[in-house]
>>> print(open('my_file.cif').read())   # mmCIF, C-alpha atoms and all ligand atoms
data_input
#
loop_
_atom_site.label_atom_id
_atom_site.label_comp_id
_atom_site.auth_asym_id
_atom_site.auth_seq_id
_atom_site.Cartn_x
_atom_site.Cartn_y
_atom_site.Cartn_z
CA MET A 1 110.58 72.04 94.26
CA SER A 2 113.60 73.31 96.17
CA THR A 3 115.69 76.17 94.76
CA PRO A 4 118.64 74.82 92.77
CA LEU A 5 122.05 75.55 94.21
CA ARG A 6 123.78 78.41 92.45
CA ILE A 7 127.15 77.69 90.93
CA TRP A 8 130.04 79.63 92.48
CA HIS A 9 132.25 80.21 89.44
CA PRO A 10 136.06 80.23 89.67
CA PHE A 11 137.99 83.50 89.34
CA THR A 12 134.62 85.25 89.17
CA ASN A 13 133.09 87.98 91.30
CA ALA A 14 129.33 87.58 91.04
CA ALA A 15 128.84 91.24 91.98
CA LEU A 16 131.13 92.61 89.24
CA ASP A 17 131.46 90.09 86.45
CA PRO A 18 128.92 89.37 83.72
CA ALA A 19 126.60 86.37 84.07
CA PRO A 20 128.22 83.17 82.79
CA VAL A 21 127.75 82.27 79.13
CA HIS A 22 125.76 79.06 78.83
CA VAL A 23 127.48 76.63 76.47
CA VAL A 24 125.44 73.73 75.12
CA ARG A 25 128.00 72.04 72.91
CA ALA A 26 131.40 72.56 71.37
CA GLU A 27 133.19 71.39 68.26
CA GLY A 28 136.70 72.13 67.02
CA VAL A 29 137.54 75.66 68.13
CA PHE A 30 133.91 76.73 68.55
CA LEU A 31 131.73 76.96 71.64
CA HIS A 32 128.00 76.97 70.81
CA THR A 33 125.87 78.87 73.30
CA ALA A 34 122.29 78.39 74.48
CA ASP A 35 121.32 81.70 72.85
CA GLY A 36 122.63 80.55 69.47
CA ARG A 37 126.06 82.23 69.39
CA LYS A 38 129.25 80.64 68.12
CA ILE A 39 132.36 81.70 70.04
CA ILE A 40 135.98 80.99 69.05
CA ASP A 41 137.73 79.47 72.06
CA ALA A 42 141.05 81.31 71.65
CA VAL A 43 142.30 80.27 75.11
CA SER A 44 141.69 76.51 74.71
CA SER A 45 139.37 76.62 77.74
CA TRP A 46 142.04 77.52 80.32
CA TRP A 47 144.83 76.13 78.18
CA VAL A 48 143.75 72.49 78.19
CA ASN A 49 142.35 71.76 74.74
CA LEU A 50 144.79 70.63 72.06
CA HIS A 51 143.02 68.85 69.21
CA GLY A 52 139.66 70.62 69.25
CA HIS A 53 136.55 70.31 71.37
CA ALA A 54 134.65 67.03 71.20
CA ASN A 55 137.48 65.47 69.24
CA PRO A 56 135.89 62.24 67.99
CA ARG A 57 138.98 60.07 68.52
CA ILE A 58 139.31 61.08 72.17
CA SER A 59 135.55 60.88 72.83
CA ALA A 60 135.45 57.36 71.39
CA ALA A 61 138.44 56.23 73.47
CA ILE A 62 136.78 57.44 76.68
CA ALA A 63 133.48 55.74 75.80
CA GLU A 64 135.26 52.49 75.05
CA GLN A 65 137.22 52.64 78.30
CA ALA A 66 134.05 53.39 80.29
CA ARG A 67 132.54 50.14 79.04
CA THR A 68 135.58 48.17 80.28
CA LEU A 69 137.00 49.69 83.46
CA GLU A 70 135.92 53.07 84.75
CA HIS A 71 138.18 53.22 87.79
CA VAL A 72 140.32 51.16 90.10
CA ILE A 73 142.45 52.09 93.09
CA LEU A 74 146.06 52.59 91.95
CA ALA A 75 147.68 51.67 95.29
CA GLY A 76 148.54 48.00 94.89
CA PHE A 77 146.81 47.77 91.48
CA THR A 78 147.49 48.80 87.92
CA HIS A 79 145.58 48.67 84.62
CA ASP A 80 146.12 48.65 80.87
CA ALA A 81 145.34 52.31 80.21
CA ALA A 82 147.88 53.53 82.81
CA GLU A 83 150.55 51.10 81.59
CA GLU A 84 149.92 52.15 77.99
CA LEU A 85 150.27 55.80 78.95
CA ALA A 86 153.58 55.13 80.73
CA THR A 87 154.85 53.50 77.53
CA ARG A 88 153.51 56.19 75.22
CA LEU A 89 154.98 59.02 77.30
CA SER A 90 158.38 57.34 77.42
CA LYS A 91 158.64 57.93 73.68
CA TRP A 92 158.55 61.68 74.27
CA VAL A 93 160.35 62.32 77.54
CA LEU A 94 164.12 62.20 77.77
CA GLY A 95 165.57 58.96 79.13
CA GLU A 96 166.76 60.48 82.38
CA LEU A 97 163.13 60.76 83.51
CA THR A 98 162.22 57.20 84.42
CA HIS A 99 159.16 57.26 86.69
CA LEU A 100 155.74 58.80 86.63
CA PHE A 101 153.41 59.56 89.52
CA PHE A 102 149.76 60.21 88.74
CA SER A 103 147.44 62.77 90.30
CA ASP A 104 144.66 65.13 89.34
CA ASP A 105 145.59 68.61 88.12
CA GLY A 106 148.42 71.08 87.68
CA SER A 107 148.45 72.19 91.30
CA THR A 108 148.72 68.65 92.63
CA ALA A 109 151.47 67.86 90.11
CA VAL A 110 153.40 70.76 91.65
CA GLU A 111 152.61 69.79 95.26
CA ILE A 112 153.90 66.29 94.53
CA ALA A 113 157.10 67.51 92.89
CA LEU A 114 157.84 69.74 95.89
CA LYS A 115 157.10 66.97 98.39
CA LEU A 116 159.21 64.48 96.41
CA ALA A 117 162.13 66.91 96.41
CA VAL A 118 161.96 67.48 100.14
CA GLN A 119 161.43 63.83 101.06
CA HIS A 120 164.16 62.74 98.66
CA PHE A 121 166.76 64.59 100.73
CA GLN A 122 165.13 63.37 103.95
CA ASN A 123 165.40 59.77 102.74
CA VAL A 124 169.06 60.15 101.81
CA SER A 125 169.81 61.50 105.30
CA ARG A 126 170.17 65.13 104.31
CA PRO A 127 167.02 66.53 106.00
CA GLU A 128 168.54 70.01 106.24
CA LYS A 129 168.15 70.32 102.45
CA ARG A 130 164.50 71.34 102.42
CA GLU A 131 164.24 74.94 101.20
CA ILE A 132 162.71 75.87 97.86
CA VAL A 133 163.66 78.54 95.33
CA ALA A 134 161.09 80.01 92.97
CA LEU A 135 161.00 82.79 90.39
CA ALA A 136 159.46 86.25 90.48
CA HIS A 137 156.27 86.34 88.36
CA GLY A 138 155.86 82.56 88.76
CA TYR A 139 152.47 80.88 88.99
CA HIS A 140 152.14 77.23 89.93
CA GLY A 141 148.53 76.78 91.04
CA ASP A 142 146.00 77.59 93.73
CA THR A 143 146.52 74.97 96.47
CA ALA A 144 148.51 76.09 99.51
CA GLY A 145 151.90 74.67 98.50
CA ALA A 146 151.51 75.75 94.86
CA MET A 147 150.52 79.24 96.07
CA SER A 148 153.64 79.35 98.24
CA VAL A 149 155.96 78.87 95.29
CA SER A 150 153.88 81.23 93.14
CA ASP A 151 154.81 84.91 93.34
CA ASP A 152 152.69 87.39 95.31
CA SER A 153 149.60 88.40 93.37
CA PRO A 154 145.99 89.32 93.96
CA PHE A 155 145.35 85.54 93.90
CA THR A 156 147.60 84.89 96.90
CA GLU A 157 147.10 88.14 98.84
CA PRO A 158 144.42 86.86 101.30
CA PHE A 159 146.45 83.75 102.07
CA ARG A 160 149.76 85.17 103.24
CA SER A 161 149.51 83.26 106.51
CA MET A 162 149.03 79.95 104.71
CA ARG A 163 152.04 80.22 102.40
CA TYR A 164 155.36 78.77 103.52
CA PRO A 165 158.50 80.81 102.93
CA VAL A 166 160.47 80.32 99.72
CA HIS A 167 163.48 82.09 98.24
CA ARG A 168 162.27 84.36 95.44
CA VAL A 169 164.74 85.22 92.67
CA HIS A 170 164.69 87.27 89.47
CA SER A 171 163.07 85.88 86.37
CA ALA A 172 164.24 86.78 82.87
CA TYR A 173 161.45 89.28 82.18
CA CYS A 174 163.32 91.10 79.43
CA HIS A 175 160.68 93.78 78.73
CA ARG A 176 160.87 94.86 82.38
CA CYS A 177 164.39 93.65 83.13
CA PRO A 178 164.76 93.30 86.92
CA ILE A 179 168.29 94.77 86.72
CA GLY A 180 167.69 97.32 83.99
CA LEU A 181 169.63 95.67 81.14
CA LYS A 182 168.74 95.17 77.47
CA ARG A 183 168.42 91.68 76.02
CA GLU A 184 170.39 92.65 72.90
CA THR A 185 173.50 93.33 74.97
CA CYS A 186 173.03 91.38 78.21
CA HIS A 187 174.62 88.10 79.25
CA ILE A 188 171.73 86.82 81.38
CA GLU A 189 173.05 88.70 84.40
CA CYS A 190 169.58 88.24 85.97
CA ALA A 191 170.72 84.68 86.83
CA GLN A 192 173.51 85.99 89.07
CA GLN A 193 171.04 86.35 91.93
CA ILE A 194 170.09 82.68 91.95
CA GLU A 195 173.74 81.77 91.49
CA ALA A 196 174.70 83.71 94.62
CA LEU A 197 171.81 82.17 96.57
CA LEU A 198 172.72 78.61 95.64
CA ALA A 199 176.39 79.25 96.38
CA GLU A 200 175.48 80.51 99.84
CA ARG A 201 172.72 78.06 100.82
CA ASP A 202 173.25 74.90 98.77
CA GLU A 203 173.41 72.87 101.99
CA ARG A 204 169.84 73.93 102.77
CA ILE A 205 168.18 74.14 99.36
CA ALA A 206 166.32 71.10 98.02
CA ALA A 207 164.89 72.39 94.75
CA VAL A 208 164.40 75.20 92.29
CA ILE A 209 161.01 75.31 90.58
CA VAL A 210 160.54 77.06 87.24
CA GLU A 211 158.01 77.37 84.47
CA PRO A 212 160.48 76.59 81.70
CA LEU A 213 160.80 79.28 78.99
CA LEU A 214 157.32 80.68 79.54
CA GLN A 215 155.85 82.15 82.71
CA ALA A 216 152.20 81.92 81.82
CA ALA A 217 149.77 83.41 84.35
CA GLY A 218 152.46 85.92 85.39
CA GLY A 219 151.95 87.63 82.00
CA MET A 220 153.05 85.24 79.24
CA ILE A 221 156.69 86.13 79.83
CA VAL A 222 159.02 84.37 77.41
CA HIS A 223 162.56 83.68 78.68
CA PRO A 224 165.74 83.29 76.65
CA VAL A 225 166.74 79.59 76.55
CA GLU A 226 170.08 80.54 78.12
CA PHE A 227 168.30 81.44 81.36
CA LEU A 228 166.88 77.93 81.76
CA GLN A 229 170.19 76.37 80.71
CA LYS A 230 172.02 78.44 83.31
CA ILE A 231 169.60 77.37 86.06
CA ARG A 232 170.04 73.72 85.05
CA ALA A 233 173.82 74.06 85.23
CA LEU A 234 173.65 75.77 88.62
CA CYS A 235 171.31 73.10 90.04
CA THR A 236 173.67 70.36 88.88
CA HIS A 237 176.70 72.16 90.30
CA TYR A 238 175.09 72.74 93.71
CA ASP A 239 173.25 69.40 93.93
CA VAL A 240 169.83 71.02 93.93
CA LEU A 241 166.87 69.38 92.16
CA LEU A 242 165.34 71.21 89.20
CA ILE A 243 161.54 71.03 88.99
CA ALA A 244 160.16 71.98 85.57
CA ASP A 245 156.50 72.95 85.84
CA GLU A 246 155.38 72.13 82.29
CA VAL A 247 151.71 72.12 83.26
CA LEU A 248 151.00 74.63 80.51
CA THR A 249 154.08 74.32 78.28
CA GLY A 250 153.84 70.55 77.86
CA PHE A 251 152.35 68.75 74.86
CA GLY A 252 153.53 70.98 72.07
CA ARG A 253 152.52 74.39 73.36
CA THR A 254 155.97 75.93 72.81
CA GLY A 255 156.61 74.18 69.48
CA LYS A 256 158.39 71.11 70.87
CA MET A 257 156.71 68.41 72.92
CA PHE A 258 158.13 70.00 76.08
CA ALA A 259 159.65 73.45 76.63
CA CYS A 260 162.71 71.80 78.21
CA ASP A 261 163.40 70.15 74.83
CA LEU A 262 163.82 73.60 73.24
CA ALA A 263 166.66 74.31 75.67
CA ASN A 264 168.06 70.75 75.70
CA VAL A 265 167.51 70.68 79.44
CA VAL A 266 166.47 67.66 81.49
CA PRO A 267 164.92 68.47 84.85
CA ASP A 268 164.95 66.11 87.86
CA LEU A 269 161.18 66.41 88.25
CA MET A 270 158.65 67.47 85.65
CA CYS A 271 154.98 68.40 86.16
CA LEU A 272 152.53 67.75 83.31
CA SER A 273 148.78 68.35 83.22
CA LYS A 274 146.36 70.57 81.24
CA GLY A 275 146.86 69.24 77.68
CA ILE A 276 147.73 65.73 78.83
CA THR A 277 144.21 64.42 78.14
CA GLY A 278 143.72 66.68 75.13
CA GLY A 279 141.49 68.80 77.38
CA PHE A 280 138.91 66.12 78.14
CA LEU A 281 139.46 65.08 81.75
CA PRO A 282 141.48 66.29 84.72
CA MET A 283 144.74 64.44 85.23
CA CYS A 284 148.40 65.09 85.78
CA VAL A 285 151.66 63.27 86.11
CA THR A 286 154.82 64.21 87.96
CA LEU A 287 157.83 62.64 86.25
CA SER A 288 160.93 61.84 88.24
CA SER A 289 164.49 60.82 87.57
CA ASP A 290 165.71 57.46 88.79
CA ARG A 291 167.93 59.25 91.27
CA VAL A 292 164.94 60.90 92.99
CA GLU A 293 162.74 57.79 92.92
CA SER A 294 165.45 55.42 94.12
CA ALA A 295 165.53 57.16 97.50
CA PHE A 296 161.94 55.98 98.04
CA ARG A 297 162.72 52.35 97.11
CA SER A 298 164.01 51.32 100.48
CA LYS A 299 163.79 48.63 103.13
CA ASP A 300 162.73 51.38 105.54
CA ARG A 301 158.95 51.77 105.26
CA ARG A 302 159.17 55.37 106.43
CA HIS A 303 160.84 56.17 103.10
CA THR A 304 157.55 55.47 101.27
CA PHE A 305 155.87 58.40 99.52
CA TYR A 306 152.59 58.52 101.45
CA HIS A 307 150.63 60.56 98.95
CA GLY A 308 147.70 59.60 96.72
CA HIS A 309 144.37 60.97 95.54
CA SER A 310 141.16 58.97 95.17
CA TYR A 311 141.09 59.22 91.37
CA THR A 312 144.83 58.79 90.85
CA GLY A 313 145.53 57.16 87.48
CA ASN A 314 141.87 57.16 86.52
CA PRO A 315 141.44 54.83 83.50
CA LEU A 316 139.08 57.20 81.62
CA ALA A 317 141.61 60.02 81.88
CA CYS A 318 144.43 57.66 80.88
CA ALA A 319 142.39 56.53 77.84
CA ALA A 320 141.90 60.17 76.83
CA ALA A 321 145.64 60.82 77.23
CA ASN A 322 146.51 57.76 75.15
CA ALA A 323 144.12 58.88 72.41
CA SER A 324 145.62 62.38 72.47
CA LEU A 325 149.16 60.96 72.14
CA LYS A 326 147.99 58.76 69.25
CA ILE A 327 146.87 61.95 67.51
CA PHE A 328 150.42 63.28 67.94
CA ASP A 329 151.65 60.07 66.24
CA ASP A 330 149.14 59.99 63.36
CA GLU A 331 148.30 63.60 62.52
CA PRO A 332 150.45 66.60 61.54
CA VAL A 333 150.13 68.21 64.97
CA PHE A 334 153.51 69.95 64.88
CA ASP A 335 152.75 71.34 61.40
CA ARG A 336 149.55 72.82 62.82
CA ILE A 337 151.52 74.37 65.68
CA ALA A 338 154.11 75.78 63.24
CA SER A 339 151.35 77.35 61.17
CA ILE A 340 149.89 79.00 64.30
CA ALA A 341 153.37 80.20 65.27
CA ARG A 342 153.85 81.84 61.84
CA ILE A 343 150.62 83.79 62.17
CA HIS A 344 151.53 84.91 65.73
CA ALA A 345 154.91 86.14 64.51
CA GLU A 346 153.44 88.01 61.55
CA ARG A 347 150.50 89.64 63.33
CA LEU A 348 152.50 90.54 66.43
CA SER A 349 155.21 92.22 64.37
CA TYR A 350 152.56 94.68 63.14
CA LEU A 351 150.89 95.01 66.53
CA ARG A 352 154.23 95.94 68.05
CA GLU A 353 154.23 99.11 65.97
CA MET A 354 150.99 100.35 67.55
CA HIS A 355 151.66 103.05 70.13
CA GLN A 356 149.24 101.38 72.57
CA VAL A 357 151.36 98.19 72.60
CA GLY A 358 154.37 98.03 74.93
CA ASP A 359 155.73 94.60 74.04
CA THR A 360 154.86 91.49 72.07
CA ARG A 361 156.00 87.95 72.80
CA HIS A 362 155.43 84.58 71.20
CA ILE A 363 156.59 81.03 71.53
CA GLY A 364 155.11 78.13 69.57
CA SER A 365 151.32 78.20 69.73
CA ILE A 366 151.21 81.12 72.18
CA GLY A 367 151.21 84.78 71.21
CA ALA A 368 150.91 87.71 73.63
CA LEU A 369 150.94 91.49 73.69
CA GLU A 370 151.46 93.73 76.67
CA LEU A 371 149.33 96.84 76.37
CA CYS A 372 150.45 100.18 77.74
CA ALA A 373 148.30 100.81 80.81
CA GLU A 374 148.33 103.26 83.68
CA ASP A 375 147.61 100.40 86.04
CA PRO A 376 149.55 97.39 84.69
CA GLY A 377 148.93 94.05 86.38
CA TYR A 378 146.14 91.51 86.73
CA LEU A 379 143.68 94.00 88.22
CA SER A 380 144.14 96.53 85.41
CA ALA A 381 140.87 98.30 84.61
CA LEU A 382 141.45 97.36 80.97
CA ARG A 383 140.89 93.68 81.62
CA PRO A 384 137.08 93.55 82.01
CA LYS A 385 136.60 96.01 79.12
CA LEU A 386 138.74 93.93 76.79
CA TYR A 387 137.13 90.65 77.87
CA ASP A 388 133.69 92.02 77.25
CA PHE A 389 134.66 93.55 73.88
CA PHE A 390 136.16 90.26 72.64
CA LEU A 391 133.17 88.23 73.76
CA ARG A 392 130.71 90.54 72.06
CA ARG A 393 132.62 89.91 68.84
CA GLY A 394 132.47 86.15 69.30
CA VAL A 395 135.98 85.52 70.61
CA LEU A 396 136.88 84.08 74.01
CA LEU A 397 140.09 85.73 75.21
CA ARG A 398 140.85 86.22 78.91
CA PRO A 399 143.50 88.92 79.22
CA LEU A 400 145.89 88.67 82.15
CA GLY A 401 145.30 92.27 83.19
CA ASN A 402 146.89 94.39 80.44
CA VAL A 403 148.42 91.34 78.73
CA VAL A 404 146.30 89.90 75.93
CA TYR A 405 147.31 86.43 74.80
CA VAL A 406 146.12 83.98 72.17
CA LEU A 407 146.49 80.28 72.98
CA PRO A 408 144.20 78.37 70.63
CA PRO A 409 143.54 74.67 70.12
CA TYR A 410 145.99 73.37 67.50
CA VAL A 411 143.17 72.73 65.02
CA ILE A 412 142.33 76.41 64.58
CA GLU A 413 142.21 77.34 60.89
CA PRO A 414 144.43 80.23 59.69
CA GLU A 415 141.42 82.41 58.87
CA GLU A 416 139.95 81.82 62.34
CA LEU A 417 143.22 82.87 63.97
CA GLN A 418 143.41 85.92 61.70
CA ARG A 419 139.90 86.81 62.83
CA VAL A 420 141.03 86.64 66.48
CA TYR A 421 143.83 89.09 65.71
CA ASP A 422 141.48 91.38 63.76
CA VAL A 423 139.28 91.59 66.84
CA ILE A 424 142.31 92.37 69.03
CA VAL A 425 143.33 95.23 66.72
CA GLU A 426 139.77 96.56 66.75
CA ALA A 427 139.70 96.40 70.57
CA ILE A 428 142.95 98.33 70.87
CA GLU A 429 141.77 101.00 68.42
CA THR A 430 138.41 101.29 70.19
CA LEU A 431 139.34 101.04 73.86
CA LEU A 432 142.83 102.52 74.20
C1 LIG B 1 152.46 76.62 85.02
C2 LIG B 1 151.25 76.20 85.79
N1 LIG B 1 151.39 75.36 86.82
C3 LIG B 1 150.33 74.92 87.53
C4 LIG B 1 149.05 75.34 87.22
C5 LIG B 1 147.88 74.87 88.03
O1 LIG B 1 147.14 73.96 87.29
P1 LIG B 1 145.63 73.61 87.71
O2 LIG B 1 144.83 74.84 87.46
O3 LIG B 1 145.26 72.47 86.84
O4 LIG B 1 145.66 73.24 89.16
C6 LIG B 1 148.86 76.22 86.15
C7 LIG B 1 147.51 76.69 85.80
O5 LIG B 1 147.30 77.59 85.07
C8 LIG B 1 149.99 76.66 85.41
O6 LIG B 1 149.87 77.50 84.38
#
>>> encode(input="my_file.cif", output="structure tokens")
Amino acid sequence: MSTPLRIWHPFTNAALDPAPVHVVRAEGVFLHTADGRKIIDAVSSWWVNLHGHANPRISAAIAEQARTLEHVILAGFTHDAAEELATRLSKWVLGELTHLFFSDDGSTAVEIALKLAVQHFQNVSRPEKREIVALAHGYHGDTAGAMSVSDDSPFTEPFRSMRYPVHRVHSAYCHRCPIGLKRETCHIECAQQIEALLAERDERIAAVIVEPLLQAAGGMIVHPVEFLQKIRALCTHYDVLLIADEVLTGFGRTGKMFACDLANVVPDLMCLSKGITGGFLPMCVTLSSDRVESAFRSKDRRHTFYHGHSYTGNPLACAAANASLKIFDDEPVFDRIASIARIHAERLSYLREMHQVGDTRHIGSIGALELCAEDPGYLSALRPKLYDFFLRRGVLLRPLGNVVYVLPPYVIEPEELQRVYDVIVEAIETLL
């Protein structure tokens, strides 16, 4: 027999990182391993799982769909599951967002939003409006365009030559304020930089892309709502499109269905993925306002959006998304999120007092603590030690360098979440 191919794991260095843990099944918040361990998935398997692993309602919906229609090309065709999803989502998104474009993952949702913004201005005969503004500490995915709008990091370092130029402006990282102010007394002066940029280059700028209220991979940085509101107002004033990358924040993560809802902000384009299928199948949608879409509805064929992926609008993924949204309708999902949020707030208020902890942050179902480290950042030497410590105690947490965060499926029980925090406290006392 030939030697089986070896799996090249993502974000993994086979020379430095431990061998992968073999999972044989999962249920609720637990991963069951081949060697008989039970691990709490406190990161929702890269932030995708909402209602628990192997959720029976979502599994059944996928099985049922697979018996009926597994896939059909979406160019020139449509199907029930996609139409149902469009209807179900319209209940949650604000009325100004009128169209949805399907694709496969968070990165492609971002690529599409950026391309739509640029082609929108091309189609309305303003081709000079094509530059993009993005925030410091932003992360929008690993494909070339998504890497371009993401901030510099060890992830993007080898690909400098492949990234197109963007305007990079301050984010509202209050713990490490880019202009040295204190949140208690500031007036969001960090937004003055983007204001000056838009005032100077509004004729050239097509869009601003943000992770609304929470910059995730950049270190779980929570922004004041006023920062997002200010950016919305500036974009409107200078006729620049606002792209909200809600790939992580969507579907309840911040306590409302979308982070933009918390700030009463409506973007022109919105990227959704990760939790959209409840964590079962890869899919994303890019939502657009009528204004953006109408520039593509034209008698000139060159105004068409020539973009599509083979599995666009896949019926199985749509069925999973519909089942997940039904769970939002029928079960107390927002009560579960509120209960998680209470535990984050309580445990983090104590953790903040530990001398090893520099800052704590939380929003909705996400809690984070920034540990004091000599080498802060993703490559901090603390990261592998913490990861290993947590795993040995049966908890899956993947610190972002010296930032430990907890982002569990919504079905986690209070005592399970308390256990996760107990392990974090133990790790800090042992390792720092
Ligand atoms: C805000 C944000 N945008 C985009 C992405 C990329 O999503 P994907 O990994 O599905 O391509 C991520 C992934 O973590 C993300 O957090």
>>> closest_residue(input="my_file.cif", among="A:Pro409, A:Gly138, A:Gly218, A:Gly145", to="Arg168 in chain A", atoms="only C-alpha atoms")
A:Gly138
>>> closest_residue(input="my_file.cif", among="A:Asp239, A:Glu246, A:Asp17, A:Asp375", to="Ala109 in chain A", atoms="only C-alpha atoms")
A:Glu246
>>> residues_around(input="my_file.cif", residues="Leu69 in chain A", least_positions_apart="6", cutoff="10 Å", atoms="all atoms listed in the file", output="list in words")
His79, Asp80, Ala81, Asn314, Pro315 and Leu316 of chain A
>>> residues_near_ligand(input="my_file.cif", ligand="ligand LIG 1 (chain B)", cutoff="10 Å", atoms="all atoms listed in the file", output="ChimeraX atom specification")
/A:46-48,104-111,138-143,146-147,150,210-212,214-218,220,244-250,271-275,282-284
>>> closest_residue(input="my_file.cif", among="A:Phe258, A:Gly377, A:Val425, A:Val72", to="Glu353 in chain A", atoms="all atoms listed in the file")
A:Val425
>>> atom_distance(input="my_file.cif", atom1="CA of His71 in chain A", atom2="CA of Leu97 in chain A")
26.4 Å
>>> atom_distance(input="my_file.cif", atom1="CA of Glu331 in chain A", atom2="CA of Tyr421 in chain A")
26.1 Å
>>> atom_distance(input="my_file.cif", atom1="CA of Lys256 in chain A", atom2="CA of Ser349 in chain A")
22.3 Å
>>> closest_residue(input="my_file.cif", among="A:Leu281, A:Val420, A:Val222, A:Ala345", to="Ala319 in chain A", atoms="all atoms listed in the file")
A:Leu281
>>> closest_residue(input="my_file.cif", among="A:Gly279, A:Glu189, A:Ile179, A:Asp151", to="Val166 in chain A", atoms="all atoms listed in the file")
A:Asp151
>>> residues_near_point(input="my_file.cif", point="(150.5, 51.7, 79.0)", cutoff="12 Å", atoms="only C-alpha atoms", output="list in words")
Thr78, His79, Asp80, Ala81, Ala82, Glu83, Glu84, Leu85, Ala86, Thr87, Arg88, Leu89, Ser90, Lys91, Leu100, Gly313, Pro315, Cys318, Ala319, Ala321, Asn322, Ala323 and Leu325 of chain A
>>> residues_around(input="my_file.cif", residues="range 342-344 of chain A", least_positions_apart="4", cutoff="8 Å", atoms="only C-alpha atoms", output="PyMOL selection string")
chain A and resi 338+348+362+365-367+414+417-418
>>> residues_around(input="my_file.cif", residues="Leu94 in chain A", least_positions_apart="2", cutoff="12 Å", atoms="all atoms listed in the file", output="list in words")
Leu89, Ser90, Lys91, Trp92, Glu96, Leu97, Thr98, His99, Met257, Phe258, Cys260, Asp261, Asn264, Val265, Val266, Pro267, Asp268, Leu269, Met270, Leu287, Ser288 and Ser289 of chain A
>>> closest_atom_pairs(input="my_file.cif", of="range 358-422 of chain A", to="range 50-62 of chain A", cutoff="8 Å", atoms="all atoms listed in the file", output="JSON lines")
{"residue": "A:Pro408", "atom": "CA", "partner": "A:Leu50", "partner_atom": "CA", "distance": 7.9}
{"residue": "A:Pro409", "atom": "CA", "partner": "A:Leu50", "partner_atom": "CA", "distance": 4.7}
{"residue": "A:Tyr410", "atom": "CA", "partner": "A:Leu50", "partner_atom": "CA", "distance": 5.5}
{"residue": "A:Val411", "atom": "CA", "partner": "A:His51", "partner_atom": "CA", "distance": 5.7}
{"residue": "A:Ile412", "atom": "CA", "partner": "A:Gly52", "partner_atom": "CA", "distance": 7.9}
>>> residues_near_point(input="my_file.cif", point="(120.2, 81.3, 69.9)", cutoff="12 Å", atoms="only C-alpha atoms", output="ChimeraX atom specification")
/A:21-24,32-38
